[in-house]
Every structure is written in structure tokens, then in C-alpha cells.
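Trainee: Handing over coords-v4.tsv, TSV, N, CA and C atoms.
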chain	number	residue	atom	x	y	z
A	1	MET	N	29.84	59.28	126.02
A	1	MET	CA	31.13	59.20	125.38
A	1	MET	C	32.21	58.94	126.40
A	2	ASP	N	32.97	57.88	126.25
A	2	ASP	CA	34.14	57.65	127.09
A	2	ASP	C	35.26	58.52	126.56
A	3	THR	N	35.85	59.28	127.43
A	3	THR	CA	36.93	60.16	127.01
A	3	THR	C	37.98	60.25	128.09
A	4	LEU	N	39.11	60.73	127.70
A	4	LEU	CA	40.25	60.83	128.58
A	4	LEU	C	40.07	61.94	129.60
A	5	VAL	N	40.36	61.66	130.85
A	5	VAL	CA	40.44	62.69	131.87
A	5	VAL	C	41.91	63.07	131.94
A	6	TYR	N	42.21	64.32	131.67
A	6	TYR	CA	43.60	64.76	131.61
A	6	TYR	C	44.19	64.82	133.01
A	7	LEU	N	43.80	65.76	133.80
A	7	LEU	CA	44.16	65.86	135.21
A	7	LEU	C	42.93	66.35	135.94
A	8	LYS	N	42.70	65.84	137.11
A	8	LYS	CA	41.50	66.23	137.85
A	8	LYS	C	41.65	67.63	138.45
A	9	ASN	N	40.58	68.39	138.34
A	9	ASN	CA	40.45	69.68	139.01
A	9	ASN	C	41.50	70.72	138.64
A	10	VAL	N	41.94	70.74	137.39
A	10	VAL	CA	42.91	71.76	136.96
A	10	VAL	C	42.42	72.58	135.77
A	11	VAL	N	41.31	72.23	135.19
A	11	VAL	CA	40.81	72.89	133.99
A	11	VAL	C	40.38	74.32	134.30
A	12	THR	N	40.72	75.26	133.41
A	12	THR	CA	40.41	76.67	133.61
A	12	THR	C	39.02	77.06	133.12
A	13	LEU	N	38.26	76.15	132.59
A	13	LEU	CA	36.95	76.41	131.99
A	13	LEU	C	35.97	76.98	133.01
A	14	GLN	N	35.28	78.07	132.60
A	14	GLN	CA	34.25	78.69	133.41
A	14	GLN	C	33.08	79.06	132.52
A	15	LEU	N	31.87	78.94	133.05
A	15	LEU	CA	30.66	79.30	132.32
A	15	LEU	C	29.80	80.20	133.20
A	16	ASP	N	29.45	81.37	132.67
A	16	ASP	CA	28.56	82.29	133.36
A	16	ASP	C	27.14	82.02	132.85
A	17	GLN	N	26.37	81.26	133.62
A	17	GLN	CA	25.04	80.86	133.18
A	17	GLN	C	24.10	82.04	133.03
A	18	GLN	N	24.34	83.14	133.72
A	18	GLN	CA	23.48	84.31	133.56
A	18	GLN	C	23.63	84.92	132.17
A	19	LYS	N	24.79	84.79	131.56
A	19	LYS	CA	25.00	85.30	130.20
A	19	LYS	C	24.54	84.32	129.14
A	20	CYS	N	24.38	83.06	129.49
A	20	CYS	CA	24.03	82.02	128.52
A	20	CYS	C	22.64	82.27	127.93
A	21	SER	N	22.57	82.26	126.59
A	21	SER	CA	21.29	82.46	125.90
A	21	SER	C	20.62	81.15	125.52
A	22	GLY	N	21.31	80.03	125.74
A	22	GLY	CA	20.74	78.73	125.41
A	22	GLY	C	20.88	78.35	123.96
A	23	CYS	N	21.85	78.91	123.26
A	23	CYS	CA	22.00	78.63	121.82
A	23	CYS	C	22.58	77.24	121.54
A	24	LYS	N	23.19	76.61	122.53
A	24	LYS	CA	23.78	75.28	122.44
A	24	LYS	C	25.03	75.21	121.54
A	25	MET	N	25.60	76.36	121.21
A	25	MET	CA	26.80	76.34	120.38
A	25	MET	C	27.95	75.62	121.08
A	26	CYS	N	28.09	75.82	122.38
A	26	CYS	CA	29.16	75.15	123.13
A	26	CYS	C	29.01	73.63	123.05
A	27	ILE	N	27.79	73.18	123.12
A	27	ILE	CA	27.51	71.74	123.03
A	27	ILE	C	27.86	71.22	121.64
A	28	ASN	N	27.54	71.99	120.62
A	28	ASN	CA	27.80	71.58	119.25
A	28	ASN	C	29.29	71.51	118.91
A	29	VAL	N	30.09	72.41	119.45
A	29	VAL	CA	31.50	72.47	119.06
A	29	VAL	C	32.45	71.72	119.99
A	30	CYS	N	32.01	71.36	121.17
A	30	CYS	CA	32.90	70.70	122.13
A	30	CYS	C	33.20	69.27	121.69
A	31	PRO	N	34.48	68.94	121.49
A	31	PRO	CA	34.84	67.59	121.03
A	31	PRO	C	34.74	66.52	122.12
A	32	HIS	N	34.60	66.92	123.38
A	32	HIS	CA	34.59	65.94	124.47
A	32	HIS	C	33.33	65.96	125.31
A	33	GLU	N	32.28	66.54	124.77
A	33	GLU	CA	30.97	66.54	125.45
A	33	GLU	C	31.06	67.03	126.90
A	34	VAL	N	31.73	68.15	127.09
A	34	VAL	CA	31.90	68.73	128.41
A	34	VAL	C	30.61	69.37	128.92
A	35	PHE	N	29.81	69.88	128.00
A	35	PHE	CA	28.61	70.64	128.37
A	35	PHE	C	27.34	69.81	128.30
A	36	GLY	N	26.39	70.19	129.14
A	36	GLY	CA	25.05	69.63	129.10
A	36	GLY	C	24.06	70.78	128.93
A	37	PHE	N	22.78	70.46	128.89
A	37	PHE	CA	21.76	71.48	128.69
A	37	PHE	C	20.56	71.16	129.57
A	38	LYS	N	20.13	72.15	130.34
A	38	LYS	CA	18.99	71.96	131.24
A	38	LYS	C	18.35	73.32	131.50
A	39	ASP	N	17.03	73.34	131.54
A	39	ASP	CA	16.28	74.57	131.81
A	39	ASP	C	16.69	75.71	130.87
A	40	LYS	N	16.86	75.38	129.59
A	40	LYS	CA	17.18	76.34	128.53
A	40	LYS	C	18.54	77.02	128.70
A	41	LYS	N	19.44	76.37	129.44
A	41	LYS	CA	20.79	76.91	129.66
A	41	LYS	C	21.81	75.78	129.56
A	42	ALA	N	23.00	76.14	129.10
A	42	ALA	CA	24.11	75.18	129.11
A	42	ALA	C	24.68	75.12	130.52
A	43	PHE	N	25.30	74.00	130.82
A	43	PHE	CA	26.02	73.86	132.09
A	43	PHE	C	27.23	72.97	131.84
A	44	ILE	N	28.21	73.06	132.72
A	44	ILE	CA	29.40	72.22	132.60
A	44	ILE	C	29.08	70.89	133.26
A	45	ALA	N	29.00	69.86	132.44
A	45	ALA	CA	28.62	68.53	132.94
A	45	ALA	C	29.83	67.76	133.46
A	46	ILE	N	30.91	67.74	132.70
A	46	ILE	CA	32.10	66.98	133.08
A	46	ILE	C	33.33	67.85	132.81
A	47	LYS	N	33.64	68.71	133.75
A	47	LYS	CA	34.73	69.68	133.57
A	47	LYS	C	36.07	69.02	133.29
A	48	ASP	N	36.34	67.89	133.92
A	48	ASP	CA	37.63	67.22	133.75
A	48	ASP	C	37.84	66.63	132.36
A	49	HIS	N	36.81	66.60	131.53
A	49	HIS	CA	36.97	66.13	130.15
A	49	HIS	C	37.44	67.25	129.21
A	50	CYS	N	37.44	68.48	129.69
A	50	CYS	CA	37.83	69.62	128.88
A	50	CYS	C	39.33	69.56	128.57
A	51	MET	N	39.68	69.75	127.29
A	51	MET	CA	41.08	69.78	126.89
A	51	MET	C	41.55	71.21	126.61
A	52	GLU	N	40.73	72.18	126.98
A	52	GLU	CA	41.05	73.59	126.89
A	52	GLU	C	41.41	74.03	125.47
A	53	CYS	N	40.67	73.52	124.49
A	53	CYS	CA	40.93	73.88	123.09
A	53	CYS	C	40.41	75.27	122.76
A	54	GLY	N	39.39	75.73	123.47
A	54	GLY	CA	38.84	77.06	123.27
A	54	GLY	C	37.72	77.17	122.26
A	55	ALA	N	37.31	76.07	121.66
A	55	ALA	CA	36.24	76.11	120.66
A	55	ALA	C	34.96	76.68	121.24
A	56	CYS	N	34.63	76.33	122.46
A	56	CYS	CA	33.40	76.82	123.09
A	56	CYS	C	33.46	78.34	123.30
A	57	LYS	N	34.59	78.82	123.79
A	57	LYS	CA	34.75	80.25	124.04
A	57	LYS	C	34.67	81.06	122.75
A	58	ILE	N	35.35	80.59	121.72
A	58	ILE	CA	35.38	81.30	120.43
A	58	ILE	C	33.98	81.36	119.82
A	59	ASN	N	33.19	80.31	119.99
A	59	ASN	CA	31.88	80.22	119.34
A	59	ASN	C	30.71	80.67	120.19
A	60	CYS	N	30.94	81.07	121.42
A	60	CYS	CA	29.85	81.53	122.28
A	60	CYS	C	29.49	82.98	121.93
A	61	PRO	N	28.31	83.20	121.37
A	61	PRO	CA	27.95	84.56	120.95
A	61	PRO	C	27.71	85.51	122.12
A	62	GLU	N	27.49	84.98	123.29
A	62	GLU	CA	27.19	85.82	124.46
A	62	GLU	C	28.42	86.11	125.32
A	63	GLY	N	29.55	85.46	125.01
A	63	GLY	CA	30.75	85.65	125.84
A	63	GLY	C	30.60	85.06	127.22
A	64	ALA	N	29.80	84.01	127.32
A	64	ALA	CA	29.51	83.39	128.62
A	64	ALA	C	30.57	82.40	129.07
A	65	ILE	N	31.51	82.07	128.18
A	65	ILE	CA	32.50	81.04	128.47
A	65	ILE	C	33.90	81.65	128.52
A	66	ASN	N	34.65	81.25	129.52
A	66	ASN	CA	36.03	81.65	129.63
A	66	ASN	C	36.88	80.40	129.84
A	67	VAL	N	37.95	80.30	129.07
A	67	VAL	CA	38.90	79.20	129.24
A	67	VAL	C	40.25	79.68	128.73
A	68	LYS	N	41.28	79.37	129.45
A	68	LYS	CA	42.63	79.76	129.05
A	68	LYS	C	43.16	78.67	128.11
A	69	THR	N	43.08	78.94	126.83
A	69	THR	CA	43.54	77.96	125.85
A	69	THR	C	45.06	77.88	125.87
A	70	GLY	N	45.56	76.69	125.57
A	70	GLY	CA	47.00	76.49	125.51
A	70	GLY	C	47.63	76.28	126.87
A	71	VAL	N	46.83	76.03	127.87
A	71	VAL	CA	47.37	75.74	129.20
A	71	VAL	C	46.93	74.34	129.60
A	72	GLY	N	47.37	73.90	130.72
A	72	GLY	CA	46.91	72.63	131.25
A	72	GLY	C	47.46	71.45	130.49
A	73	CYS	N	46.81	70.35	130.64
A	73	CYS	CA	47.30	69.09	130.12
A	73	CYS	C	47.27	69.03	128.60
A	74	ALA	N	46.29	69.65	127.98
A	74	ALA	CA	46.22	69.61	126.52
A	74	ALA	C	47.48	70.21	125.92
A	75	ALA	N	47.91	71.35	126.43
A	75	ALA	CA	49.13	71.97	125.93
A	75	ALA	C	50.34	71.11	126.26
A	76	GLY	N	50.35	70.49	127.42
A	76	GLY	CA	51.46	69.61	127.79
A	76	GLY	C	51.59	68.43	126.85
A	77	VAL	N	50.49	67.84	126.47
A	77	VAL	CA	50.51	66.71	125.54
A	77	VAL	C	50.98	67.17	124.16
A	78	ILE	N	50.45	68.29	123.69
A	78	ILE	CA	50.84	68.80	122.38
A	78	ILE	C	52.32	69.16	122.35
A	79	ASN	N	52.79	69.88	123.38
A	79	ASN	CA	54.20	70.25	123.44
A	79	ASN	C	55.10	69.03	123.49
A	80	GLY	N	54.70	68.01	124.22
A	80	GLY	CA	55.47	66.77	124.28
A	80	GLY	C	55.56	66.10	122.92
A	81	LEU	N	54.46	66.08	122.19
A	81	LEU	CA	54.45	65.49	120.86
A	81	LEU	C	55.34	66.28	119.90
A	82	LEU	N	55.24	67.60	119.96
A	82	LEU	CA	56.03	68.45	119.07
A	82	LEU	C	57.53	68.37	119.35
A	83	LYS	N	57.87	68.27	120.63
A	83	LYS	CA	59.28	68.23	121.03
A	83	LYS	C	59.86	66.83	121.10
A	84	GLY	N	59.00	65.82	120.96
A	84	GLY	CA	59.47	64.44	121.07
A	84	GLY	C	59.82	64.04	122.48
A	85	THR	N	59.17	64.69	123.47
A	85	THR	CA	59.42	64.39	124.88
A	85	THR	C	58.15	63.86	125.52
A	86	GLU	N	58.26	63.47	126.76
A	86	GLU	CA	57.07	63.05	127.51
A	86	GLU	C	56.17	64.26	127.73
A	87	PRO	N	54.86	64.07	127.71
A	87	PRO	CA	53.95	65.18	128.01
A	87	PRO	C	54.19	65.69	129.42
A	88	SER	N	54.17	67.00	129.58
A	88	SER	CA	54.37	67.60	130.89
A	88	SER	C	53.31	68.66	131.15
A	89	CYS	N	52.61	68.50	132.25
A	89	CYS	CA	51.62	69.50	132.65
A	89	CYS	C	52.10	70.20	133.91
A	90	ASP	N	53.35	70.07	134.21
A	90	ASP	CA	53.92	70.58	135.44
A	90	ASP	C	54.73	71.84	135.16
A	91	CYS	N	54.34	72.93	135.77
A	91	CYS	CA	55.06	74.20	135.57
A	91	CYS	C	56.12	74.42	136.63
A	92	SER	N	56.46	73.40	137.38
A	92	SER	CA	57.45	73.59	138.44
A	92	SER	C	58.88	73.50	137.91
A	93	SER	N	59.08	72.86	136.75
A	93	SER	CA	60.44	72.76	136.22
A	93	SER	C	60.74	73.96	135.33
A	94	LYS	N	61.91	74.50	135.46
A	94	LYS	CA	62.31	75.73	134.75
A	94	LYS	C	62.29	75.52	133.24
A	95	GLY	N	61.55	76.39	132.55
A	95	GLY	CA	61.54	76.36	131.10
A	95	GLY	C	60.64	75.31	130.47
A	96	ASN	N	59.99	74.47	131.23
A	96	ASN	CA	59.14	73.43	130.69
A	96	ASN	C	57.65	73.70	130.87
A	97	CYS	N	57.32	74.90	131.28
A	97	CYS	CA	55.93	75.20	131.57
A	97	CYS	C	55.09	75.26	130.31
A	98	CYS	N	53.87	74.75	130.41
A	98	CYS	CA	52.93	74.81	129.30
A	98	CYS	C	52.58	76.23	129.02
Write the structure described by the file as C-alpha cells, please.

Mentor:
Amino acid sequence: MDTLVYLKNVVTLQLDQQKCSGCKMCINVCPHEVFGFKDKKAFIAIKDHCMECGACKINCPEGAINVKTGVGCAAGVINGLLKGTEPSCDCSSKGNCC
């Protein structure tokens, strides 16, 4: 799947493979095919494709996934659309932080 890379190396997504039961729920719910599956465990295949929506975290029965939803570029794009401004993923400007 060709998908948008939001910003490189800023995604908060983390996966604890020791907690992973191999249910593949994260793979099923991820809209950008961030996860892969190998040796009966999920793994993060393309972290930069994550839009931090939180679907994987919410649906992981083992609590193996952590992601700060509403941060990063996904929130910047959404906030820009809602406010009618350019998307901003930069928290350096006062009051414009995602």
C-alpha cells in the first residue's frame, strides 16, 4: 500500500512484543498497514506510516501497544482542516501545539 509519510521519526507508536499474543487485531484495524506479522507476533513494519489514530491500542486485548493519540502530524492535519489553516505539527509556536 502506498501511503503518506507524515513526518519521519516522530511517531509515538510502541509495541511490546513480549505482551503480544499474535491475535493480529492491530493488523486488522490499522488503516495504513503499519504492522507486520512474523513468528506468531506482530511487529511495527513501517512506523512512519502511523497517523496515531489509536485504533491498534484500543483493540489490542493484551495492552501491548502504546500510542499517544491526537498528537503528531495527524492531529496537526485535522486541526488545520477544522480551523481552516495550514496543517501544523510544530509545537514551537505559542498556542498552536497539536

Trainee: What does the structure give for the distance between atom CA of A:Lys57 and atom CA of A:Cys26, in Å to one decimal?

Mentor: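 So the two atoms, atom CA of A:Lys57 and atom CA of A:Cys26, lie 7.6 Å apart.
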
Trainee: Go ahead and compute the interatomic distance for atom C of A:Lys47 and atom C of A:Lys68, in Å to one decimal.

Mentor: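 Separating atom C of A:Lys47 from atom C of A:Lys68 is a distance of 13.0 Å.
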
Trainee: What is the distance between atom CA of A:Ala55 and atom N of A:Val29, in Å to one decimal?

Mentor: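 Atom N of A:Val29 lies at a distance of 7.3 Å from atom CA of A:Ala55.
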
Trainee: Step by step: start from the point (19.8, 80.0, 128.1) in the file's coordinates, keep every protein, DNA or RNA residue that has an atom no farther than 7 Å from it, count all atoms listed in the file, and write the set as a short mmCIF file (atom, residue, chain, number, x, y, z; two decimals) with N, CA and C atoms, keeping the file's coordinate frame.

Mentor:
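File point_8.cif, as written:
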data_model
loop_
_atom_site.label_atom_id
_atom_site.label_comp_id
_atom_site.auth_asym_id
_atom_site.auth_seq_id
_atom_site.Cartn_x
_atom_site.Cartn_y
_atom_site.Cartn_z
N GLN A 17 26.37 81.26 133.62
CA GLN A 17 25.04 80.86 133.18
C GLN A 17 24.10 82.04 133.03
N LYS A 19 24.79 84.79 131.56
CA LYS A 19 25.00 85.30 130.20
C LYS A 19 24.54 84.32 129.14
N CYS A 20 24.38 83.06 129.49
CA CYS A 20 24.03 82.02 128.52
C CYS A 20 22.64 82.27 127.93
N SER A 21 22.57 82.26 126.59
CA SER A 21 21.29 82.46 125.90
C SER A 21 20.62 81.15 125.52
N GLY A 22 21.31 80.03 125.74
CA GLY A 22 20.74 78.73 125.41
C GLY A 22 20.88 78.35 123.96
N CYS A 23 21.85 78.91 123.26
CA CYS A 23 22.00 78.63 121.82
C CYS A 23 22.58 77.24 121.54
N ASP A 39 17.03 73.34 131.54
CA ASP A 39 16.28 74.57 131.81
C ASP A 39 16.69 75.71 130.87
N LYS A 40 16.86 75.38 129.59
CA LYS A 40 17.18 76.34 128.53
C LYS A 40 18.54 77.02 128.70
N LYS A 41 19.44 76.37 129.44
CA LYS A 41 20.79 76.91 129.66
C LYS A 41 21.81 75.78 129.56
N ALA A 42 23.00 76.14 129.10
CA ALA A 42 24.11 75.18 129.11
C ALA A 42 24.68 75.12 130.52
#

Trainee: Taking (32.1, 81.0, 130.6) as a centre in this file's frame and 5 Å as the limit, can you find every polymer residue with an atom that close, using only N, CA and C atoms, and give them as a list in words?

Mentor: Gln14, Leu15, Asp16, Ala64, Ile65 and Asn66 of chain A

Trainee: Pick from A:Phe43, A:Met25, A:Thr69, A:Thr85: nearest to A:Cys56, with all atoms listed in the file counted?

Mentor: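 Ranking A:Phe43, A:Met25, A:Thr69, A:Thr85 by distance to A:Cys56, first place goes to A:Met25.
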
Trainee: Of the residues A:Lys24, A:Cys60, A:Cys50, A:Lys8, which is the one nearest to A:Lys38, using only C-alpha atoms?

Mentor: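 Of A:Lys24, A:Cys60, A:Cys50, A:Lys8, the one nearest A:Lys38, counting only C-alpha atoms, is A:Lys24.
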